[in-house]
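Student: What follows is target_20.txt, compact mmCIF, C-alpha atoms and all ligand atoms.
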# COMPACT_ATOMS: atom_id res chain seq x y z
CA MET M 252 -21.48 0.87 6.09
CA GLN M 253 -19.84 4.09 7.16
CA LEU M 254 -18.06 6.51 4.85
CA LEU M 255 -14.45 7.42 5.62
CA ASP M 256 -14.87 11.12 5.02
CA GLY M 257 -11.53 12.46 3.79
CA ARG M 258 -12.92 15.94 3.20
CA LYS M 259 -14.03 16.31 6.80
CA LEU M 260 -10.71 15.11 8.22
CA ALA M 261 -8.78 17.29 5.74
CA GLN M 262 -10.72 20.37 6.91
CA LYS M 263 -9.99 19.50 10.52
CA ILE M 264 -6.25 19.13 9.81
CA ILE M 265 -6.17 22.37 7.81
CA ARG M 266 -7.94 24.31 10.58
CA ASP M 267 -5.26 23.09 12.98
CA LEU M 268 -2.43 23.93 10.54
CA LYS M 269 -3.89 27.41 9.99
CA LYS M 270 -3.69 28.05 13.72
CA GLN M 271 -0.08 26.83 13.78
CA VAL M 272 0.85 28.98 10.76
CA SER M 273 -0.72 32.08 12.31
CA ARG M 274 1.58 31.66 15.31
CA MET M 275 4.73 31.11 13.22
CA LYS M 276 7.15 34.00 12.83
CA LYS M 277 8.61 32.62 9.62
CA LYS M 278 5.64 31.39 7.57
CA PRO M 279 5.94 28.38 5.25
CA VAL M 280 6.41 29.25 1.57
CA LEU M 281 5.90 26.61 -1.09
CA ALA M 282 7.41 26.62 -4.58
CA MET M 283 5.62 24.27 -6.99
CA ILE M 284 7.05 23.35 -10.36
CA LEU M 285 4.78 22.20 -13.14
CA VAL M 286 6.41 21.00 -16.36
CA GLY M 287 4.19 20.60 -19.43
CA ASN M 288 0.44 20.77 -19.78
CA ASP M 289 -0.97 17.52 -18.47
CA PRO M 290 -4.55 18.49 -17.49
CA ALA M 291 -4.65 16.24 -14.38
CA SER M 292 -1.36 17.71 -13.12
CA ALA M 293 -2.70 21.23 -13.64
CA ILE M 294 -5.76 20.33 -11.51
CA TYR M 295 -3.57 18.90 -8.71
CA VAL M 296 -1.36 21.99 -8.66
CA ARG M 297 -4.41 24.25 -8.55
CA ARG M 298 -5.92 22.24 -5.68
CA LYS M 299 -2.68 22.41 -3.70
CA TYR M 300 -2.66 26.18 -4.24
CA VAL M 301 -6.25 26.49 -2.94
CA PHE M 302 -5.53 24.32 0.12
CA CYS M 303 -2.38 26.36 0.86
CA GLU M 304 -4.44 29.58 0.72
CA GLU M 305 -6.90 28.09 3.22
CA ALA M 306 -4.10 27.32 5.65
CA GLY M 307 -2.39 30.70 5.18
CA ILE M 308 0.59 29.20 3.33
CA ARG M 309 2.00 31.25 0.47
CA SER M 310 2.65 29.27 -2.68
CA ASN M 311 4.16 30.12 -6.04
CA THR M 312 3.80 27.95 -9.12
CA ILE M 313 6.56 27.92 -11.71
CA LYS M 314 5.05 26.75 -14.99
CA LEU M 315 7.50 25.42 -17.55
CA PRO M 316 6.94 24.21 -21.12
CA SER M 317 7.02 20.45 -21.79
CA ASN M 318 10.27 20.77 -23.77
CA THR M 319 12.14 22.18 -20.73
CA SER M 320 15.51 20.46 -20.50
CA GLU M 321 16.56 18.42 -17.48
CA LYS M 322 19.53 20.77 -17.08
CA LYS M 323 17.28 23.84 -16.91
CA LEU M 324 15.00 22.18 -14.36
CA LEU M 325 18.03 21.28 -12.22
CA VAL M 326 19.19 24.91 -12.33
CA ILE M 327 15.74 26.13 -11.19
CA ILE M 328 15.66 23.61 -8.32
CA ASP M 329 19.17 24.61 -7.28
CA LYS M 330 18.04 28.26 -7.08
CA LEU M 331 15.02 27.30 -4.98
CA ASN M 332 17.22 25.17 -2.72
CA LYS M 333 19.38 28.23 -2.06
CA ASP M 334 16.49 30.69 -1.73
CA LYS M 335 16.04 31.28 2.01
CA SER M 336 12.49 32.59 1.54
CA VAL M 337 11.35 29.20 0.17
CA SER M 338 10.74 26.50 2.81
CA ALA M 339 9.23 23.75 0.63
CA ILE M 340 9.60 22.57 -2.97
CA MET M 341 7.30 20.29 -4.91
CA VAL M 342 7.85 19.08 -8.46
CA GLN M 343 4.58 17.84 -9.91
CA LEU M 344 4.85 14.30 -11.29
CA PRO M 345 4.76 12.80 -13.84
CA LEU M 346 7.54 14.65 -15.63
CA PRO M 347 8.02 14.52 -19.42
CA ARG M 348 9.87 11.36 -20.50
CA HIS M 349 13.12 13.12 -21.42
CA ILE M 350 13.60 14.18 -17.78
CA ASN M 351 15.06 11.71 -15.30
CA LYS M 352 12.60 11.71 -12.39
CA ILE M 353 15.04 10.17 -9.90
CA LYS M 354 17.69 12.77 -10.71
CA ILE M 355 15.18 15.58 -10.15
CA ILE M 356 13.91 14.14 -6.86
CA GLU M 357 17.45 13.72 -5.58
CA SER M 358 18.31 17.31 -6.52
CA ILE M 359 15.73 18.73 -4.08
CA ASP M 360 17.19 19.72 -0.72
CA PRO M 361 15.79 17.07 1.70
CA LYS M 362 15.03 19.92 4.13
CA LYS M 363 12.62 21.36 1.53
CA ASP M 364 11.20 18.07 0.23
CA ALA M 365 7.46 18.48 0.95
CA ASP M 366 6.58 15.24 -0.88
CA CYS M 367 8.92 13.04 1.18
CA LEU M 368 10.28 11.62 -2.06
CA HIS M 369 13.99 12.25 -1.47
CA PRO M 370 15.72 8.95 -0.53
CA GLU M 371 17.06 10.54 2.67
CA ASN M 372 13.57 11.40 3.92
CA TYR M 373 11.88 8.30 2.51
CA GLY M 374 14.57 6.10 4.06
CA LYS M 375 14.37 7.76 7.46
CA PHE M 376 10.60 7.50 7.39
CA ALA M 377 10.69 3.80 6.49
CA GLN M 378 13.36 3.10 9.11
CA VAL M 379 11.69 4.89 12.04
CA ASP M 380 8.76 7.24 11.39
CA GLU M 381 7.96 10.90 10.80
CA SER M 382 9.74 11.95 13.99
CA TYR M 383 13.01 11.06 12.23
CA SER M 384 12.20 12.08 8.66
CA VAL M 385 10.17 15.23 9.62
CA VAL M 386 7.98 14.67 6.53
CA ALA M 387 5.88 11.65 5.53
CA PRO M 388 4.65 10.25 2.20
CA ALA M 389 1.37 12.16 1.98
CA THR M 390 -1.08 9.67 0.49
CA PRO M 391 -0.24 6.59 2.61
CA PHE M 392 0.22 8.67 5.75
CA GLY M 393 -3.16 10.27 5.08
CA ILE M 394 -4.70 6.80 4.71
CA VAL M 395 -3.40 5.77 8.12
CA LYS M 396 -4.60 9.06 9.67
CA LEU M 397 -8.04 8.40 8.18
CA LEU M 398 -8.16 4.88 9.64
CA GLU M 399 -7.03 6.23 13.01
CA GLU M 400 -9.62 9.03 12.93
CA TYR M 401 -12.36 6.39 12.66
CA LYS M 402 -10.68 4.28 15.35
CA ILE M 403 -10.18 1.38 12.96
CA LYS M 404 -7.80 -1.10 14.49
CA ILE M 405 -4.77 -1.92 12.34
CA GLU M 406 -2.74 -4.09 14.70
CA GLY M 407 -3.28 -7.79 14.11
CA LYS M 408 -5.37 -7.21 10.99
CA HIS M 409 -4.68 -8.57 7.53
CA ALA M 410 -4.13 -5.58 5.25
CA VAL M 411 -4.03 -6.19 1.51
CA VAL M 412 -2.51 -3.43 -0.61
CA VAL M 413 -3.13 -3.56 -4.35
CA GLY M 414 -0.43 -1.56 -6.17
CA ARG M 415 3.28 -1.30 -5.41
CA SER M 416 4.26 2.21 -6.50
CA ASN M 417 6.85 4.21 -4.59
CA ILE M 418 4.34 6.95 -3.77
CA VAL M 419 1.39 4.86 -2.62
CA GLY M 420 1.52 1.05 -2.57
CA LYS M 421 4.97 0.42 -1.06
CA PRO M 422 4.87 3.11 1.65
CA ALA M 423 1.25 2.18 2.49
CA ALA M 424 2.37 -1.41 3.05
CA GLN M 425 5.28 -0.21 5.18
CA LEU M 426 3.05 2.04 7.32
CA LEU M 427 0.50 -0.69 7.92
CA LEU M 428 3.29 -3.14 8.73
CA ASN M 429 4.78 -0.67 11.24
CA ARG M 430 1.39 -0.49 12.90
CA GLY M 431 1.18 -4.21 13.40
CA ALA M 432 -0.83 -5.41 10.40
CA THR M 433 0.03 -8.53 8.47
CA VAL M 434 0.47 -7.15 4.98
CA THR M 435 0.05 -8.67 1.54
CA VAL M 436 1.04 -6.60 -1.48
CA CYS M 437 -0.55 -7.37 -4.85
CA HIS M 438 0.37 -5.90 -8.22
CA ARG M 439 0.00 -6.35 -11.97
CA HIS M 440 1.71 -9.77 -11.91
CA THR M 441 -0.37 -11.16 -9.04
CA LYS M 442 -2.24 -14.24 -10.14
CA ASN M 443 -5.83 -14.59 -8.87
CA LEU M 444 -6.09 -11.16 -7.26
CA ALA M 445 -9.49 -11.97 -5.76
CA ALA M 446 -8.02 -14.82 -3.69
CA PHE M 447 -5.97 -12.17 -1.83
CA THR M 448 -8.45 -9.30 -1.70
CA ARG M 449 -11.09 -11.62 -0.20
CA GLN M 450 -8.80 -12.18 2.79
CA ALA M 451 -8.45 -8.48 3.55
CA ASP M 452 -9.65 -6.95 6.80
CA ILE M 453 -8.30 -3.69 5.39
CA LEU M 454 -8.08 -3.33 1.61
CA VAL M 455 -6.09 -0.46 0.08
CA VAL M 456 -6.40 -0.18 -3.69
CA ALA M 457 -4.01 2.07 -5.64
CA VAL M 458 -3.95 0.97 -9.26
CA GLY M 459 -5.75 3.38 -11.60
CA LYS M 460 -8.26 0.94 -13.13
CA ARG M 461 -11.95 1.70 -12.73
CA ASN M 462 -14.05 -1.18 -11.33
CA LEU M 463 -11.00 -3.39 -10.69
CA ILE M 464 -12.48 -4.39 -7.32
CA LYS M 465 -15.99 -5.83 -7.43
CA ALA M 466 -18.25 -7.00 -4.61
CA SER M 467 -17.35 -10.66 -5.24
CA MET M 468 -13.71 -9.81 -4.44
CA VAL M 469 -14.24 -8.58 -0.86
CA LYS M 470 -15.44 -10.20 2.31
CA ARG M 471 -18.30 -8.78 4.36
CA GLY M 472 -17.22 -6.19 6.93
CA THR M 473 -13.94 -5.27 5.24
CA VAL M 474 -12.52 -1.72 5.40
CA VAL M 475 -11.93 -0.36 1.91
CA VAL M 476 -9.62 2.51 1.02
CA ASP M 477 -9.86 3.45 -2.64
CA VAL M 478 -6.90 5.53 -3.82
CA GLY M 479 -7.60 5.26 -7.55
CA VAL M 480 -8.38 8.30 -9.65
CA ASN M 481 -9.97 7.50 -13.00
CA ARG M 482 -11.35 10.38 -15.00
CA VAL M 483 -14.35 9.78 -17.23
CA GLY M 484 -15.36 13.07 -18.84
CA LYS M 485 -15.81 15.46 -15.95
CA ASN M 486 -16.39 12.68 -13.42
CA ILE M 487 -13.88 10.91 -11.20
CA PHE M 488 -14.13 7.25 -10.22
CA GLY M 489 -11.97 5.11 -7.98
CA ASP M 490 -10.69 1.58 -8.59
CA VAL M 491 -13.49 0.07 -6.51
CA ASN M 492 -17.03 -0.48 -7.74
CA PHE M 493 -18.53 1.67 -5.03
CA PRO M 494 -22.27 0.86 -5.40
CA SER M 495 -21.76 -2.90 -4.90
CA VAL M 496 -18.68 -2.99 -2.63
CA SER M 497 -20.13 -0.41 -0.21
CA LYS M 498 -22.97 -2.86 0.52
CA LYS M 499 -20.45 -5.36 1.94
CA ALA M 500 -17.86 -3.04 3.49
CA SER M 501 -17.96 -1.80 7.09
CA TYR M 502 -16.10 1.39 6.10
CA ILE M 503 -15.26 2.74 2.67
CA THR M 504 -13.73 5.91 1.21
CA PRO M 505 -15.78 7.75 -1.40
CA VAL M 506 -14.16 8.93 -4.64
CA PRO M 507 -14.01 11.88 -4.77
CA GLY M 508 -13.90 13.02 -1.15
CA GLY M 509 -11.80 10.25 0.37
CA VAL M 510 -8.06 9.89 -0.10
CA GLY M 511 -7.66 12.95 -2.40
CA PRO M 512 -8.33 15.74 0.13
CA ILE M 513 -6.50 13.98 2.94
CA THR M 514 -3.42 13.65 0.71
CA ILE M 515 -3.29 17.41 0.17
CA ALA M 516 -3.88 18.08 3.86
CA MET M 517 -0.89 15.87 4.70
CA LEU M 518 1.26 17.69 2.13
CA LEU M 519 0.45 20.90 3.99
CA TRP M 520 1.27 19.15 7.24
CA ASN M 521 4.69 18.35 5.74
CA MET M 522 5.17 21.99 4.69
CA VAL M 523 4.46 23.28 8.18
CA ARG M 524 6.86 20.73 9.70
CA LEU M 525 9.62 21.72 7.27
CA ALA M 526 9.14 25.43 7.97
CA LYS M 527 9.35 24.82 11.72
CA LYS M 528 12.66 22.94 11.47
P1 LIG V 1 1.29 3.48 -10.58
O1 LIG V 1 0.83 3.44 -12.01
O2 LIG V 1 2.64 3.95 -10.25
O3 LIG V 1 1.08 2.06 -9.93
C1 LIG V 1 -0.02 1.27 -10.21
C2 LIG V 1 0.17 -0.07 -9.57
O4 LIG V 1 -0.95 -0.90 -9.89
C3 LIG V 1 1.41 -0.83 -10.03
O5 LIG V 1 2.15 -1.22 -8.91
C4 LIG V 1 0.87 -2.05 -10.79
O6 LIG V 1 1.66 -3.21 -10.58
C5 LIG V 1 -0.50 -2.21 -10.19
N1 LIG V 1 -1.47 -2.82 -11.13
C6 LIG V 1 -1.70 -2.48 -12.41
N2 LIG V 1 -2.67 -3.28 -12.92
C7 LIG V 1 -3.05 -4.11 -11.94
C8 LIG V 1 -4.00 -5.15 -11.87
N3 LIG V 1 -4.76 -5.48 -12.90
N4 LIG V 1 -4.11 -5.82 -10.70
C9 LIG V 1 -3.35 -5.50 -9.64
N5 LIG V 1 -2.44 -4.51 -9.64
C10 LIG V 1 -2.29 -3.83 -10.79
O7 LIG V 1 0.18 4.35 -9.84
P2 LIG V 1 0.18 5.17 -8.44
O8 LIG V 1 0.95 6.42 -8.64
O9 LIG V 1 0.47 4.28 -7.31
O10 LIG V 1 -1.37 5.56 -8.41
C11 LIG V 1 -2.38 4.58 -8.38
C12 LIG V 1 -3.74 5.24 -8.52
O11 LIG V 1 -3.92 6.09 -7.40
C13 LIG V 1 -3.88 6.13 -9.74
O12 LIG V 1 -5.22 6.10 -10.18
C14 LIG V 1 -3.55 7.51 -9.21
O13 LIG V 1 -4.14 8.55 -9.96
C15 LIG V 1 -4.13 7.43 -7.84
N6 LIG V 1 -3.53 8.33 -6.84
C16 LIG V 1 -4.38 9.05 -6.10
C17 LIG V 1 -3.87 9.89 -5.12
C18 LIG V 1 -4.84 10.70 -4.32
O14 LIG V 1 -4.43 11.62 -3.64
N7 LIG V 1 -6.12 10.36 -4.32
C19 LIG V 1 -2.50 9.98 -4.90
C20 LIG V 1 -1.65 9.20 -5.66
C21 LIG V 1 -2.18 8.36 -6.64
Could you render the structure as C-alpha cells?
Tutor:
Amino acid sequence: MQLLDGRKLAQKIIRDLKKQVSRMKKKPVLAMILVGNDPASAIYVRRKYVFCEEAGIRSNTIKLPSNTSEKKLLVIIDKLNKDKSVSAIMVQLPLPRHINKIKIIESIDPKKDADCLHPENYGKFAQVDESYSVVAPATPFGIVKLLEEYKIKIEGKHAVVVGRSNIVGKPAAQLLLNRGATVTVCHRHTKNLAAFTRQADILVVAVGKRNLIKASMVKRGTVVVDVGVNRVGKNIFGDVNFPSVSKKASYITPVPGGVGPITIAMLLWNMVRLAKK
C-alpha cells in the first residue's frame, strides 16, 4: 500500500504558485467572508489564510455575526465585486439557514469566484474543462491531480463515488467521467452500498460518516480517496476505516494529510488563475 500524500503535493503546488505570484505585477488578493461562529468553518478560513501567506497571496477575512441578514451580505459582496483591488471572493459555507446559499453564490462575480461555485463557472467547467472556466471545483480537481501525481490510470477504470454533493460527489464523478472512467455514483438512498464499492478500481468517498467504508466493502488493490472529515474531540477521521482498508488498498489517502491540503492548494491555484485573467 502506498499513501497518496496530499500534503506533499500541496507543498509542491504552492511552491510553484509562489514563484508565479512573485512574477505577477498585480498580485492576487482574496476576500473571505465568514458568517457566524461555526468552529469548523473558522478552522478552514484560518487554514486558507495560512496557505495564502505561504504563497504570497494577500487575504482579508470579513467576519460577520450569525444574525447577518441576506440583504447585508449581498451588499458586502456587491462592494467586493466592484472593488478593483480584490481579485477573488470566497464565502465560507455552510451559511446560516436564513440565508439563501444559491442567491449568495450567484451574486459573486464569476470572474472573482475562487470556489468555482457560480453556475457560469461550474457549467463551463463541466462542459469543457478548466481552460474554459478558468477555475475548477477545488476538492474534486485536487483528487484528480493527486491521482495523476501518482500516475494512477483513470481511463477505462471503474470509479465509484460515494456522495453526490455539488461541491464534491457530483463534480468528482464528472471529472472522472471526462478522464475516461466508468463511473457509479452512490448516495444515501443507494441500497447495498457494498455491492457497488466492491467493484471499484478507484473509490472516492465523500459522505461525512466515520467508518462508513470497512475492509469487507473494498476489493484488493483498489485506490481509495477519503474525502470525509469527521471530528472526534481534537482528532479528525475520514469516512474510511483506515487501519483495515489500507491493508487491502494499493493506494489510499490519509486523513488528515490527504484531500484537505490539496483542496486548499487548488483554491490558491484558482486565485492565481483569476488574478492573471
Ligand atoms: P454533503 O453532506 O453535502 O453530502 C454527503 C453525501 O453523502 C450526500 O450526497 C448523501 O447522499 C451521501 N450519504 C449520506 N449518508 C450516506 C450513506 N450512508 N451511504 C452513502 N451515501 C451517503 O457533504 P459534502 O459537502 O459532499 O462533504 C462530504 C464529506 O467530505 C464531509 O465529511 C465534509 O466535511 C468532507 N469534505 C472535505 C473536504 C476536504 O477538503 N477534505 C472538502 C469538502 C468536503
Student: Taking all atoms listed in the file and a cut-off of 7 Å, can you tell me which residues surround ligand LIG 1 (chain V), written as a list in words?
Tutor: Thr390, Val413, Gly414, Arg415, Ser416, Asn417, Ile418, Val419, Gly420, Cys437, His438, Arg439, His440, Thr441, Leu444, Ala457, Val458, Gly459, Lys460, Leu463, Val478, Gly479, Val480, Asn481, Val510, Gly511, Pro512 and Thr514 of chain M
Student: Skipping near chain neighbours, those fewer than 2 positions away, what residues fall within 9 Å of segment 326-331 of chain M using only C-alpha atoms, listed as a PyMOL selection string?
Tutor: chain M and resi 282+284+321-324+333-340+355+358-360
Student: Hey, which of M:Leu346, M:Leu268, M:Ala306, M:Ala293 ends up closest to Asn318 of chain M? Count only C-alpha atoms.
Tutor: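 That would be M:Leu346, the residue with the smallest distance to Asn318 of chain M.
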Student: Near His409 of chain M, within 6 Å and counting all atoms listed in the file, which residues show up once chain neighbours fewer than 3 positions away are dropped, as JSON, numbers by chain?
Tutor: {"M": [432, 433, 434, 451, 452]}
Student: Work out how far apart atom CA of Pro279 of chain M and atom CA of Val523 of chain M are and give it in Å to one decimal.
Tutor: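 We find that atom CA of Pro279 of chain M and atom CA of Val523 of chain M lie 6.1 Å from each other.
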Student: Please provide as an mmCIF file with C-alpha atoms, in the coordinates of the input all residues within 12 Å of Gln271 of chain M, with the sequence filter that same-chain residues fewer than 6 positions apart are discarded (counting only C-alpha atoms).
Tutor:
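Okay, result-v5.cif is ready:
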data_model
loop_
_atom_site.group_PDB
_atom_site.id
_atom_site.type_symbol
_atom_site.label_atom_id
_atom_site.label_comp_id
_atom_site.auth_asym_id
_atom_site.auth_seq_id
_atom_site.Cartn_x
_atom_site.Cartn_y
_atom_site.Cartn_z
ATOM 1 C CA ILE M 264 -6.250 19.130 9.810
ATOM 2 C CA ILE M 265 -6.170 22.370 7.810
ATOM 3 C CA LYS M 277 8.610 32.620 9.620
ATOM 4 C CA LYS M 278 5.640 31.390 7.570
ATOM 5 C CA PRO M 279 5.940 28.380 5.250
ATOM 6 C CA ALA M 306 -4.100 27.320 5.650
ATOM 7 C CA GLY M 307 -2.390 30.700 5.180
ATOM 8 C CA ILE M 308 0.590 29.200 3.330
ATOM 9 C CA LEU M 519 0.450 20.900 3.990
ATOM 10 C CA TRP M 520 1.270 19.150 7.240
ATOM 11 C CA MET M 522 5.170 21.990 4.690
ATOM 12 C CA VAL M 523 4.460 23.280 8.180
ATOM 13 C CA ARG M 524 6.860 20.730 9.700
ATOM 14 C CA ALA M 526 9.140 25.430 7.970
ATOM 15 C CA LYS M 527 9.350 24.820 11.720
#
Student: Atom CA of Ala261 of chain M and atom CA of Lys396 of chain M, how far apart in Å?
Tutor: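 We find that atom CA of Lys396 of chain M and atom CA of Ala261 of chain M lie 10.0 Å from each other.
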Student: Which residues are near Gln450 of chain M? Cut-off 8 Å, only C-alpha atoms, ignore same chain within fewer than 2 positions. Put them as number ranges by chain.
Tutor: M: 409, 411, 446-448, 452, 469-470
Student: Out of M:Val280, M:Leu255, M:Ile453, M:Leu285, which residue has the shortest atom-to-atom distance to Ser310 of chain M when counting only C-alpha atoms?
Tutor: M:Val280
Student: Model the absent atoms of segment 348-366 of chain M so that N, CA, C and O atoms are present, and write the result as an mmCIF file, in the coordinates of the input.
Tutor:
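File written: out_28.cif
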data_model
loop_
_atom_site.group_PDB
_atom_site.id
_atom_site.type_symbol
_atom_site.label_atom_id
_atom_site.label_comp_id
_atom_site.auth_asym_id
_atom_site.auth_seq_id
_atom_site.Cartn_x
_atom_site.Cartn_y
_atom_site.Cartn_z
ATOM 1 N N ARG M 348 8.991 12.548 -20.427
ATOM 2 C CA ARG M 348 9.870 11.360 -20.500
ATOM 3 C C ARG M 348 11.360 11.673 -20.602
ATOM 4 O O ARG M 348 12.185 10.871 -20.156
ATOM 5 N N HIS M 349 11.689 12.819 -21.221
ATOM 6 C CA HIS M 349 13.120 13.120 -21.420
ATOM 7 C C HIS M 349 13.795 13.579 -20.118
ATOM 8 O O HIS M 349 15.005 13.782 -20.092
ATOM 9 N N ILE M 350 13.018 13.735 -19.051
ATOM 10 C CA ILE M 350 13.600 14.180 -17.780
ATOM 11 C C ILE M 350 13.675 12.998 -16.817
ATOM 12 O O ILE M 350 12.684 12.282 -16.629
ATOM 13 N N ASN M 351 14.846 12.820 -16.223
ATOM 14 C CA ASN M 351 15.060 11.710 -15.300
ATOM 15 C C ASN M 351 14.461 12.064 -13.924
ATOM 16 O O ASN M 351 14.999 12.888 -13.195
ATOM 17 N N LYS M 352 13.360 11.391 -13.608
ATOM 18 C CA LYS M 352 12.600 11.710 -12.390
ATOM 19 C C LYS M 352 13.457 11.554 -11.130
ATOM 20 O O LYS M 352 13.457 12.400 -10.236
ATOM 21 N N ILE M 353 14.223 10.466 -11.088
ATOM 22 C CA ILE M 353 15.040 10.170 -9.900
ATOM 23 C C ILE M 353 16.066 11.290 -9.671
ATOM 24 O O ILE M 353 16.272 11.752 -8.554
ATOM 25 N N LYS M 354 16.682 11.708 -10.788
ATOM 26 C CA LYS M 354 17.690 12.770 -10.710
ATOM 27 C C LYS M 354 17.059 14.058 -10.144
ATOM 28 O O LYS M 354 17.663 14.748 -9.315
ATOM 29 N N ILE M 355 15.873 14.355 -10.602
ATOM 30 C CA ILE M 355 15.180 15.580 -10.150
ATOM 31 C C ILE M 355 14.835 15.461 -8.663
ATOM 32 O O ILE M 355 15.097 16.376 -7.875
ATOM 33 N N ILE M 356 14.285 14.332 -8.268
ATOM 34 C CA ILE M 356 13.910 14.140 -6.860
ATOM 35 C C ILE M 356 15.138 14.279 -5.963
ATOM 36 O O ILE M 356 15.099 14.934 -4.924
ATOM 37 N N GLU M 357 16.235 13.686 -6.399
ATOM 38 C CA GLU M 357 17.450 13.720 -5.580
ATOM 39 C C GLU M 357 18.104 15.101 -5.552
ATOM 40 O O GLU M 357 18.946 15.376 -4.695
ATOM 41 N N SER M 358 17.706 15.967 -6.490
ATOM 42 C CA SER M 358 18.310 17.310 -6.520
ATOM 43 C C SER M 358 17.626 18.255 -5.521
ATOM 44 O O SER M 358 18.145 19.319 -5.212
ATOM 45 N N ILE M 359 16.457 17.865 -5.032
ATOM 46 C CA ILE M 359 15.730 18.730 -4.080
ATOM 47 C C ILE M 359 16.390 18.605 -2.701
ATOM 48 O O ILE M 359 16.667 17.489 -2.243
ATOM 49 N N ASP M 360 16.639 19.744 -2.074
ATOM 50 C CA ASP M 360 17.190 19.720 -0.720
ATOM 51 C C ASP M 360 16.230 18.941 0.194
ATOM 52 O O ASP M 360 15.050 19.303 0.298
ATOM 53 N N PRO M 361 16.694 17.865 0.849
ATOM 54 C CA PRO M 361 15.790 17.070 1.700
ATOM 55 C C PRO M 361 15.065 17.926 2.749
ATOM 56 O O PRO M 361 13.952 17.590 3.144
ATOM 57 N N LYS M 362 15.661 19.036 3.133
ATOM 58 C CA LYS M 362 15.030 19.920 4.130
ATOM 59 C C LYS M 362 13.868 20.706 3.530
ATOM 60 O O LYS M 362 13.144 21.403 4.233
ATOM 61 N N LYS M 363 13.715 20.636 2.189
ATOM 62 C CA LYS M 363 12.620 21.360 1.530
ATOM 63 C C LYS M 363 11.694 20.392 0.769
ATOM 64 O O LYS M 363 10.845 20.814 0.000
ATOM 65 N N ASP M 364 11.881 19.110 1.011
ATOM 66 C CA ASP M 364 11.200 18.070 0.230
ATOM 67 C C ASP M 364 9.799 17.773 0.798
ATOM 68 O O ASP M 364 9.599 16.836 1.567
ATOM 69 N N ALA M 365 8.816 18.584 0.381
ATOM 70 C CA ALA M 365 7.460 18.480 0.950
ATOM 71 C C ALA M 365 6.753 17.166 0.588
ATOM 72 O O ALA M 365 5.798 16.783 1.250
ATOM 73 N N ASP M 366 7.219 16.488 -0.460
ATOM 74 C CA ASP M 366 6.580 15.240 -0.880
ATOM 75 C C ASP M 366 7.149 14.002 -0.196
ATOM 76 O O ASP M 366 6.649 12.902 -0.393
#
